[in-house]
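What follows is a single structure, written as structure tokens, with notes after it.
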Amino acid sequence: MENFDEWFHNILEQANITDSRYPIKGMAIWMPYGFQIRKHTMEIIKKLLDKDHEEVLFPMLIPENELAKEGIHVKGFEDEVYWITKGGQKDLNEPLALRPTSETAIYPMYALWIRSHIDLPKKYYQIVNTFRYETKHTRPLIRVREITTFKEAHTAHATKEESDVQINDFIEIYKEFFDELGIAYLISKRPEWDKFPGADYTMAFDVIMPNGKTLQIGTIHNLGQTFAKTFDIKFEDKDGQHKLVYQTCAGLSDRVIASIIGIHGEEKGLILPPKVSPNQVTIIPILFKKGKEEVLAKCGEIKTQLENKGLRVNIDDRDIRPGKKFFDWELKGTPIKLELGPRDLENNITIAMRRDEEEKIEIALDDNLADKICELLDKTSENLSKSSWNFQNEHVKFTENIDEIPELVESENVVKFKWCGIEEIGKEIEEKTGYDILGIQEEINEGKCIASDNDAKYMALIAKTY
RNA sequence: GGGUCCGUAGGGUAGCUUGGUCGAUCCUUUGGGCUUUGGGAGCCUGAGACUCCGGUUCAAAUCCGGGCGGACCCA
């Protein structure tokens with residue numbers, strides 16, 4: 001894509017996803033079409049989490065003394081917190097923070113709720129808005145001051161082993177989630193200097209956007225006992241001992257929607273995965289003065305037939321030329337368009353067009369129509385997923401020469417390299433190349449570090465990031 | 001955190017250097033009408049803007065200062 005950032009910015013408004021003209025920097029409006037995409041996307045993650053987690057809803061405000069309790073954590077966020085300091089004309093006794101994330105809202109309550117090993121594990125999640133006073137320039141859905149769709153899960157466990165298992169469970173859930181969206185991902189363990197403030201370690205999901213920059217779309221943190229100590233979250237174990245819990249948390253945000261748009265889109269517009277597309281099928285009647293009623297009636301029948309199969313269907317009966325409708329729905333990324341005119345009515349067929357392919361397919365108007373459409377939708381999903389993984393595979397390049405990194409990154413790649421894992425060397429690599437180390441993908445025990453004489457311990461990733 | 005640049009209808013733009021000709025250009029959008037409708041139609045007729053506050057001046061879209069908003073570069 002010629003200029004991805006520009007394309008992305010334009011498509012958000014053209015496709016009626018968000019309107020970022022709201023007069024506060026970094027805060028936008030979810031428009032109806034975008035809201036539907038967001039809704040369907042969230043339904044997928046909720047369904048995955050609900051198997052084993054419970055949804056809750058915490059207040060948006062956090063008292064200053066709670067937020068400040070965990071020193072490392074607050075240090076990571078202090079420059080980004082919005083404060084409420086007044087009630088009407090009166091200064092508040094204690095300033096209240098608009099949550100930048102909810103650890104310090106939730107964990108004091110965990111301390112009250114968790115008394116015994118019977119109360120464990122505790123696995124709650126919520127989908128809420130959070131606020132961060134971003135100082136860098138904001139970008140709709142990607143870097144915002146109000147994260148409108150922050151899915152955060154918080155778990156507490158009796159043992160370290162259980163919390164480690166939970167980390168893997170989250171990884172599996174996220175994998176399934178992104179697989180359903182057809183989005184390829186890179187999983188890595190963030191370097192020490194880039195982990196979540198207060199965490200033992202952070203696992204992250206990144207996607208490579210069409211311009212080669214990576215976007216962090218999901219994180220999973222092993223919090224160890226840091227917060228348990230701070231907020232005194234203890235339970236009475238089977239042996240009668242009082243012990244601190246082990247905790248994890250995991251987050252997803254609006255950025256998931258940004259990746260759906262960015263990864264699958266192309267010049268002409270969006271290509272939405274059927275699972276989250278507001279309309280899975282859009283029927284476009286070809287209307288002439290003669291036979292208009294018959295064509296519209298048949299479109300209505302088809303709509304009902306498909307809806308009975310559980311599909312989301314709309315008819316575009318606007319009084320404009322068909323060509324304009326094709327372009328509009330291509331912009332909006334509806335997975336399948338069905339064209340139906342008088343000629344088709346005579347032949348008892350409809351013409352189907354997949355958004356991800358140019359080809360037009362004739363389908364008979366009979367009882368099998370819905371099944372055939374479902375087949376086409378499945379093929380679309382598979383195809384989108386395949387393209388996304390192909391793109392990622394083509395854009396991850398390995399090198400053993402640090403001097404090659406800038407050239408590779410500038411030609412829109414994520415670079416894989418061997419690293420000894422020492423922080424100083426890592427920071428040296430970042431400084432020398434000018435890019436960010438995403439993290440380590442796996443442990444290895446052969447070869448040398450790209451930037452030192454040390455033995456390589458890890459396969460790591462470096463990239464230009466959002 | 002430091003720096004550079006920018007702000008004209010809903011969106012994109014011309015005009016700004018050298019203040020007056022701006023009653024502000026063009027494309028898109030949009031109301032009404034006619035005519036059309038199998039891949040962004042055409043014609044007629046309307047609508048719609050100088051980011052905000054202050055300053056300089058006889059006169060400000062144009063010059064100066066600040067706020068707000070945006071883009072980019074460096075750390």
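If you're wondering about the labels, chains in the structure tokens are A, B, ... by order shown, residues count from 1 in each chain, ligands from 1 in order shown.
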Would you list which chain A residues are within 10 Å of chain B using only C-alpha atoms (C1' of nucleotides), as a ChimeraX atom specification? /A:10,13-14,21,23-25,135,137-138,285-289,319-328,339-344
What lies within 12 Å of G46 of chain B using only C-alpha atoms (C1' of nucleotides), ignoring chain neighbours under 5 positions off, as a PyMOL selection string? chain B and resi 30-33
Write a file of the just-selected residues containing N, CA and C atoms (P, O5', C5', C4', C3', O3' and C1' of nucleotides), as a tab-separated table (two decimals), in the first residue's frame.
chain	number	residue	atom	x	y	z
B	30	U	P	-23.87	13.02	-0.81
B	30	U	O5'	-24.67	14.31	-0.33
B	30	U	C5'	-24.84	14.58	1.06
B	30	U	C4'	-25.44	15.95	1.24
B	30	U	C3'	-26.70	16.20	0.40
B	30	U	O3'	-27.85	15.65	1.00
B	30	U	C1'	-25.24	18.04	0.18
B	31	G	P	-29.05	15.19	0.06
B	31	G	O5'	-29.93	16.51	-0.07
B	31	G	C5'	-30.59	17.02	1.06
B	31	G	C4'	-31.42	18.23	0.68
B	31	G	C3'	-32.30	18.07	-0.55
B	31	G	O3'	-33.50	17.37	-0.26
B	31	G	C1'	-31.16	20.10	-0.69
B	32	G	P	-34.19	16.47	-1.35
B	32	G	O5'	-34.67	17.55	-2.41
B	32	G	C5'	-35.74	18.44	-2.10
B	32	G	C4'	-35.97	19.39	-3.24
B	32	G	C3'	-36.23	18.75	-4.60
B	32	G	O3'	-37.55	18.26	-4.74
B	32	G	C1'	-34.68	20.50	-4.86
B	33	G	P	-37.82	16.99	-5.68
B	33	G	O5'	-37.56	17.58	-7.13
B	33	G	C5'	-38.48	18.51	-7.70
B	33	G	C4'	-38.00	18.97	-9.04
B	33	G	C3'	-37.83	17.89	-10.10
B	33	G	O3'	-39.05	17.48	-10.68
B	33	G	C1'	-35.97	19.34	-10.13
Could you tell me how far atom CA of Ala364 of chain A lies from atom CA of Thr350 of chain A, in Å and to one decimal? 6.5 Å
Using only C-alpha atoms, which of the listed residues (A:Glu431, A:Val313, A:Lys234, A:Asn65) sits closest to Trp113 of chain A? A:Lys234
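Taking atom C1' of G3 of chain B and atom C1' of C74 of chain B as the two end points, the separation is 7.3 Å.
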Go through segment 9-59 of chain A and collect every residue that DSSP, computed from the backbone, puts in strand (DSSP E); the answer should be as a PyMOL selection string. chain A and resi 18-19+29-30+54-55
Those residues with N, CA and C atoms, as a short mmCIF file (atom, residue, chain, number, x, y, z; two decimals), in the first residue's frame please?
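Result saved to selection-v2.cif:
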data_model
loop_
_atom_site.label_atom_id
_atom_site.label_comp_id
_atom_site.auth_asym_id
_atom_site.auth_seq_id
_atom_site.Cartn_x
_atom_site.Cartn_y
_atom_site.Cartn_z
N THR A 18 -14.97 5.33 12.72
CA THR A 18 -14.85 6.31 13.81
C THR A 18 -14.86 7.71 13.22
N ASP A 19 -15.17 8.67 14.07
CA ASP A 19 -15.03 10.07 13.69
C ASP A 19 -14.10 10.69 14.73
N ILE A 29 -15.21 9.09 18.24
CA ILE A 29 -16.54 8.51 18.36
C ILE A 29 -16.60 7.22 17.56
N TRP A 30 -17.16 6.20 18.14
CA TRP A 30 -17.45 4.98 17.39
C TRP A 30 -18.71 5.23 16.60
N GLU A 54 -15.02 -14.93 34.62
CA GLU A 54 -16.30 -14.26 34.89
C GLU A 54 -16.18 -12.77 34.63
N GLU A 55 -17.22 -12.22 34.00
CA GLU A 55 -17.17 -10.80 33.66
C GLU A 55 -17.69 -9.96 34.83
#
Selection near segment 393-406 of chain A, 12 Å with only C-alpha atoms (C1' of nucleotides), sequence-local residues under 4 positions removed, as a PyMOL selection string: chain A and resi 184-186+207-214+386-389+410-419+426+428-437+447-452+456+459-464
With N, CA and C atoms retained, could you export that selection as a CSV table (one decimal), in the first residue's frame?
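Output contents, as saved in result02.csv:
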chain,number,residue,atom,x,y,z
A,184,ALA,N,-2.5,-12.8,11.5
A,184,ALA,CA,-1.3,-13.5,11.9
A,184,ALA,C,-0.6,-12.7,13.0
A,185,TYR,N,0.1,-13.4,13.9
A,185,TYR,CA,0.7,-12.7,15.0
A,185,TYR,C,2.1,-13.2,15.3
A,186,LEU,N,2.9,-12.4,16.0
A,186,LEU,CA,4.2,-12.8,16.5
A,186,LEU,C,4.0,-12.8,18.0
A,207,VAL,N,1.4,-7.6,15.6
A,207,VAL,CA,1.1,-7.9,14.2
A,207,VAL,C,1.9,-6.9,13.4
A,208,ILE,N,2.3,-7.4,12.2
A,208,ILE,CA,3.0,-6.5,11.3
A,208,ILE,C,2.0,-5.8,10.4
A,209,MET,N,1.9,-4.5,10.5
A,209,MET,CA,1.0,-3.7,9.7
A,209,MET,C,1.5,-3.6,8.2
A,210,PRO,N,0.7,-3.2,7.3
A,210,PRO,CA,1.2,-3.2,5.9
A,210,PRO,C,2.4,-2.3,5.6
A,211,ASN,N,2.7,-1.4,6.5
A,211,ASN,CA,3.9,-0.6,6.2
A,211,ASN,C,5.1,-1.1,7.0
A,212,GLY,N,5.0,-2.3,7.5
A,212,GLY,CA,6.1,-2.9,8.2
A,212,GLY,C,6.3,-2.6,9.6
A,213,LYS,N,5.5,-1.6,10.1
A,213,LYS,CA,5.6,-1.3,11.5
A,213,LYS,C,4.8,-2.3,12.3
A,214,THR,N,5.2,-2.7,13.5
A,214,THR,CA,4.5,-3.6,14.3
A,214,THR,C,3.5,-2.9,15.3
A,386,LYS,N,-5.0,-17.0,5.5
A,386,LYS,CA,-3.8,-17.4,4.7
A,386,LYS,C,-3.0,-16.3,4.2
A,387,SER,N,-3.6,-15.3,3.7
A,387,SER,CA,-2.9,-14.1,3.2
A,387,SER,C,-2.1,-13.4,4.3
A,388,SER,N,-2.8,-13.3,5.4
A,388,SER,CA,-2.2,-12.6,6.6
A,388,SER,C,-0.9,-13.4,7.0
A,389,TRP,N,-1.0,-14.7,7.1
A,389,TRP,CA,0.2,-15.4,7.5
A,389,TRP,C,1.2,-15.4,6.5
A,410,GLU,N,13.8,-0.9,7.2
A,410,GLU,CA,13.3,0.1,6.3
A,410,GLU,C,12.6,-0.4,5.1
A,411,SER,N,12.9,-1.7,4.7
A,411,SER,CA,12.1,-2.3,3.6
A,411,SER,C,11.0,-3.1,4.2
A,412,GLU,N,10.5,-2.6,5.3
A,412,GLU,CA,9.2,-3.1,5.9
A,412,GLU,C,9.2,-4.5,6.4
A,413,ASN,N,10.4,-4.9,7.1
A,413,ASN,CA,10.5,-6.2,7.7
A,413,ASN,C,10.6,-6.1,9.2
A,414,VAL,N,10.3,-7.2,9.8
A,414,VAL,CA,10.7,-7.4,11.2
A,414,VAL,C,11.9,-8.3,11.2
A,415,VAL,N,12.9,-8.0,12.0
A,415,VAL,CA,14.1,-8.7,11.8
A,415,VAL,C,14.4,-9.6,13.0
A,416,LYS,N,14.7,-10.9,12.7
A,416,LYS,CA,15.0,-11.9,13.7
A,416,LYS,C,16.5,-12.0,13.9
A,417,PHE,N,17.0,-12.0,15.1
A,417,PHE,CA,18.4,-12.1,15.3
A,417,PHE,C,18.7,-12.9,16.6
A,418,LYS,N,20.0,-13.3,16.7
A,418,LYS,CA,20.4,-14.0,17.9
A,418,LYS,C,21.0,-13.0,18.9
A,419,TRP,N,20.6,-13.3,20.1
A,419,TRP,CA,20.9,-12.4,21.2
A,419,TRP,C,21.4,-13.1,22.5
A,426,GLY,N,21.3,-5.5,24.7
A,426,GLY,CA,20.1,-5.2,24.0
A,426,GLY,C,19.8,-3.8,23.8
A,428,GLU,N,22.1,-1.5,23.6
A,428,GLU,CA,23.1,-1.1,22.6
A,428,GLU,C,22.6,-1.4,21.2
A,429,ILE,N,21.9,-2.5,21.0
A,429,ILE,CA,21.4,-2.9,19.7
A,429,ILE,C,20.3,-1.9,19.3
A,430,GLU,N,19.4,-1.6,20.2
A,430,GLU,CA,18.4,-0.6,20.0
A,430,GLU,C,18.9,0.7,19.6
A,431,GLU,N,20.0,1.1,20.3
A,431,GLU,CA,20.5,2.5,20.1
A,431,GLU,C,21.3,2.5,18.7
A,432,LYS,N,22.0,1.4,18.4
A,432,LYS,CA,22.8,1.4,17.2
A,432,LYS,C,21.9,1.4,16.0
A,433,THR,N,20.8,0.6,16.0
A,433,THR,CA,19.9,0.5,14.9
A,433,THR,C,18.8,1.5,14.8
A,434,GLY,N,18.4,2.0,16.0
A,434,GLY,CA,17.3,3.0,16.0
A,434,GLY,C,16.0,2.3,16.1
A,435,TYR,N,15.9,1.0,16.4
A,435,TYR,CA,14.6,0.4,16.4
A,435,TYR,C,14.4,-0.3,17.8
A,436,ASP,N,13.2,-0.8,18.0
A,436,ASP,CA,12.9,-1.4,19.3
A,436,ASP,C,12.9,-3.0,19.2
A,437,ILE,N,13.5,-3.5,20.3
A,437,ILE,CA,13.5,-5.0,20.4
A,437,ILE,C,12.1,-5.4,20.9
A,447,GLY,N,25.4,-20.6,18.2
A,447,GLY,CA,25.7,-19.4,17.5
A,447,GLY,C,26.1,-18.3,18.5
A,448,LYS,N,26.4,-17.2,17.9
A,448,LYS,CA,26.9,-16.0,18.7
A,448,LYS,C,25.8,-14.9,18.7
A,449,CYS,N,25.9,-14.1,19.7
A,449,CYS,CA,25.0,-12.9,19.8
A,449,CYS,C,25.4,-11.9,18.7
A,450,ILE,N,24.4,-11.3,18.1
A,450,ILE,CA,24.6,-10.4,16.9
A,450,ILE,C,25.5,-9.2,17.3
A,451,ALA,N,25.5,-8.8,18.6
A,451,ALA,CA,26.2,-7.6,18.9
A,451,ALA,C,27.3,-7.7,20.0
A,452,SER,N,27.7,-9.0,20.3
A,452,SER,CA,28.7,-9.2,21.3
A,452,SER,C,29.4,-10.6,21.0
A,456,ALA,N,24.9,-17.0,21.9
A,456,ALA,CA,23.5,-16.6,21.8
A,456,ALA,C,22.6,-17.4,22.7
A,459,MET,N,16.4,-16.3,20.3
A,459,MET,CA,16.1,-15.7,19.0
A,459,MET,C,15.2,-14.6,19.3
A,460,ALA,N,15.6,-13.4,18.9
A,460,ALA,CA,14.8,-12.2,19.3
A,460,ALA,C,14.3,-11.4,18.0
A,461,LEU,N,13.4,-10.5,18.2
A,461,LEU,CA,12.8,-9.7,17.2
A,461,LEU,C,13.0,-8.3,17.4
A,462,ILE,N,13.3,-7.6,16.3
A,462,ILE,CA,13.5,-6.1,16.4
A,462,ILE,C,12.7,-5.5,15.2
A,463,ALA,N,12.1,-4.3,15.5
A,463,ALA,CA,11.2,-3.8,14.4
A,463,ALA,C,10.9,-2.3,14.7
A,464,LYS,N,10.3,-1.7,13.7
A,464,LYS,CA,9.8,-0.3,13.9
A,464,LYS,C,8.4,-0.5,14.5
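With only C-alpha atoms (C1' of nucleotides) as the basis for measurement, B:G66 is the residue among B:G12, B:U17, B:G66, B:U28 that approaches G54 of chain B most closely.
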To one decimal place in Å, what is the distance between atom CA of Val56 of chain A and atom CA of Val81 of chain A? 22.9 Å
Using DSSP on the backbone coordinates, identify all residues within segment 76-208 of chain A classified as alpha helix (DSSP H); present the result as number ranges by chain. A: 76-77, 103-113, 160-181
I need the residues from that last selection saved to file as a tab-separated table (two decimals), in the first residue's frame (with N, CA and C atoms), if you can.
chain	number	residue	atom	x	y	z
A	76	GLY	N	5.36	3.73	36.26
A	76	GLY	CA	5.16	3.46	34.85
A	76	GLY	C	4.01	4.25	34.24
A	77	PHE	N	3.11	4.74	35.07
A	77	PHE	CA	1.92	5.41	34.54
A	77	PHE	C	1.78	6.87	34.97
A	103	GLU	N	-5.51	-2.52	37.78
A	103	GLU	CA	-4.91	-3.33	38.85
A	103	GLU	C	-5.21	-2.72	40.22
A	104	THR	N	-4.98	-1.41	40.33
A	104	THR	CA	-5.09	-0.79	41.65
A	104	THR	C	-6.55	-0.54	42.05
A	105	ALA	N	-7.47	-0.74	41.11
A	105	ALA	CA	-8.89	-0.68	41.47
A	105	ALA	C	-9.34	-2.05	41.94
A	106	ILE	N	-8.87	-3.06	41.25
A	106	ILE	CA	-9.37	-4.42	41.47
A	106	ILE	C	-8.70	-5.11	42.65
A	107	TYR	N	-7.39	-4.94	42.80
A	107	TYR	CA	-6.68	-5.75	43.78
A	107	TYR	C	-7.01	-5.45	45.24
A	108	PRO	N	-7.31	-4.20	45.60
A	108	PRO	CA	-7.77	-4.00	46.98
A	108	PRO	C	-9.04	-4.80	47.28
A	109	MET	N	-9.88	-4.96	46.25
A	109	MET	CA	-11.10	-5.74	46.43
A	109	MET	C	-10.79	-7.23	46.49
A	110	TYR	N	-9.80	-7.65	45.70
A	110	TYR	CA	-9.37	-9.05	45.78
A	110	TYR	C	-8.94	-9.39	47.20
A	111	ALA	N	-8.28	-8.40	47.83
A	111	ALA	CA	-7.82	-8.63	49.21
A	111	ALA	C	-9.00	-8.91	50.14
A	112	LEU	N	-10.14	-8.30	49.86
A	112	LEU	CA	-11.34	-8.53	50.68
A	112	LEU	C	-12.02	-9.85	50.31
A	113	TRP	N	-12.02	-10.14	49.01
A	113	TRP	CA	-12.78	-11.30	48.56
A	113	TRP	C	-12.07	-12.63	48.79
A	160	LYS	N	2.49	-20.74	42.24
A	160	LYS	CA	3.19	-20.19	41.08
A	160	LYS	C	2.89	-21.04	39.85
A	161	GLU	N	2.86	-22.37	40.06
A	161	GLU	CA	2.61	-23.28	38.93
A	161	GLU	C	1.28	-22.97	38.27
A	162	GLU	N	0.26	-22.77	39.10
A	162	GLU	CA	-1.06	-22.46	38.53
A	162	GLU	C	-1.04	-21.15	37.75
A	163	SER	N	-0.29	-20.18	38.23
A	163	SER	CA	-0.26	-18.91	37.52
A	163	SER	C	0.49	-19.05	36.20
A	164	ASP	N	1.50	-19.92	36.18
A	164	ASP	CA	2.20	-20.18	34.92
A	164	ASP	C	1.28	-20.84	33.91
A	165	VAL	N	0.46	-21.77	34.38
A	165	VAL	CA	-0.51	-22.42	33.51
A	165	VAL	C	-1.48	-21.38	32.95
A	166	GLN	N	-1.87	-20.46	33.82
A	166	GLN	CA	-2.80	-19.40	33.40
A	166	GLN	C	-2.20	-18.56	32.27
A	167	ILE	N	-0.91	-18.28	32.35
A	167	ILE	CA	-0.25	-17.53	31.28
A	167	ILE	C	-0.40	-18.26	29.96
A	168	ASN	N	-0.17	-19.57	29.99
A	168	ASN	CA	-0.34	-20.37	28.78
A	168	ASN	C	-1.78	-20.40	28.30
A	169	ASP	N	-2.71	-20.46	29.25
A	169	ASP	CA	-4.12	-20.44	28.87
A	169	ASP	C	-4.45	-19.15	28.12
A	170	PHE	N	-3.95	-18.03	28.65
A	170	PHE	CA	-4.20	-16.74	27.98
A	170	PHE	C	-3.61	-16.74	26.57
A	171	ILE	N	-2.41	-17.29	26.46
A	171	ILE	CA	-1.78	-17.34	25.13
A	171	ILE	C	-2.66	-18.14	24.18
A	172	GLU	N	-3.16	-19.27	24.65
A	172	GLU	CA	-4.02	-20.10	23.81
A	172	GLU	C	-5.32	-19.37	23.44
A	173	ILE	N	-5.90	-18.67	24.40
A	173	ILE	CA	-7.14	-17.94	24.14
A	173	ILE	C	-6.90	-16.84	23.09
A	174	TYR	N	-5.81	-16.13	23.25
A	174	TYR	CA	-5.50	-15.07	22.28
A	174	TYR	C	-5.22	-15.64	20.90
A	175	LYS	N	-4.52	-16.77	20.87
A	175	LYS	CA	-4.26	-17.40	19.58
A	175	LYS	C	-5.57	-17.70	18.87
A	176	GLU	N	-6.49	-18.32	19.63
A	176	GLU	CA	-7.77	-18.69	19.05
A	176	GLU	C	-8.53	-17.44	18.59
A	177	PHE	N	-8.46	-16.41	19.39
A	177	PHE	CA	-9.13	-15.16	19.07
A	177	PHE	C	-8.60	-14.59	17.75
A	178	PHE	N	-7.29	-14.46	17.66
A	178	PHE	CA	-6.73	-13.87	16.43
A	178	PHE	C	-6.88	-14.80	15.24
A	179	ASP	N	-6.89	-16.11	15.49
A	179	ASP	CA	-7.14	-17.05	14.40
A	179	ASP	C	-8.55	-16.84	13.84
A	180	GLU	N	-9.50	-16.61	14.73
A	180	GLU	CA	-10.87	-16.39	14.26
A	180	GLU	C	-10.97	-15.12	13.43
A	181	LEU	N	-10.11	-14.16	13.74
A	181	LEU	CA	-10.12	-12.90	12.99
A	181	LEU	C	-9.24	-12.98	11.74
Extract, using only C-alpha atoms (C1' of nucleotides), all DNA, RNA and protein residues at most 7 Å from His157 of chain A, discarding same-chain residues fewer than 5 positions from it, and format them as a list in words. Leu120, Pro121, Lys122, Glu162, Ser163, Val245, Tyr246 and Gln247 of chain A
Would you list the contacts of U8 of chain B as number ranges by chain, taking every protein, DNA or RNA residue within 10 Å and counting only C-alpha atoms (C1' of nucleotides), but skipping same-chain residues closer than 6 positions in sequence? B: 14-15, 24, 49-51, 61
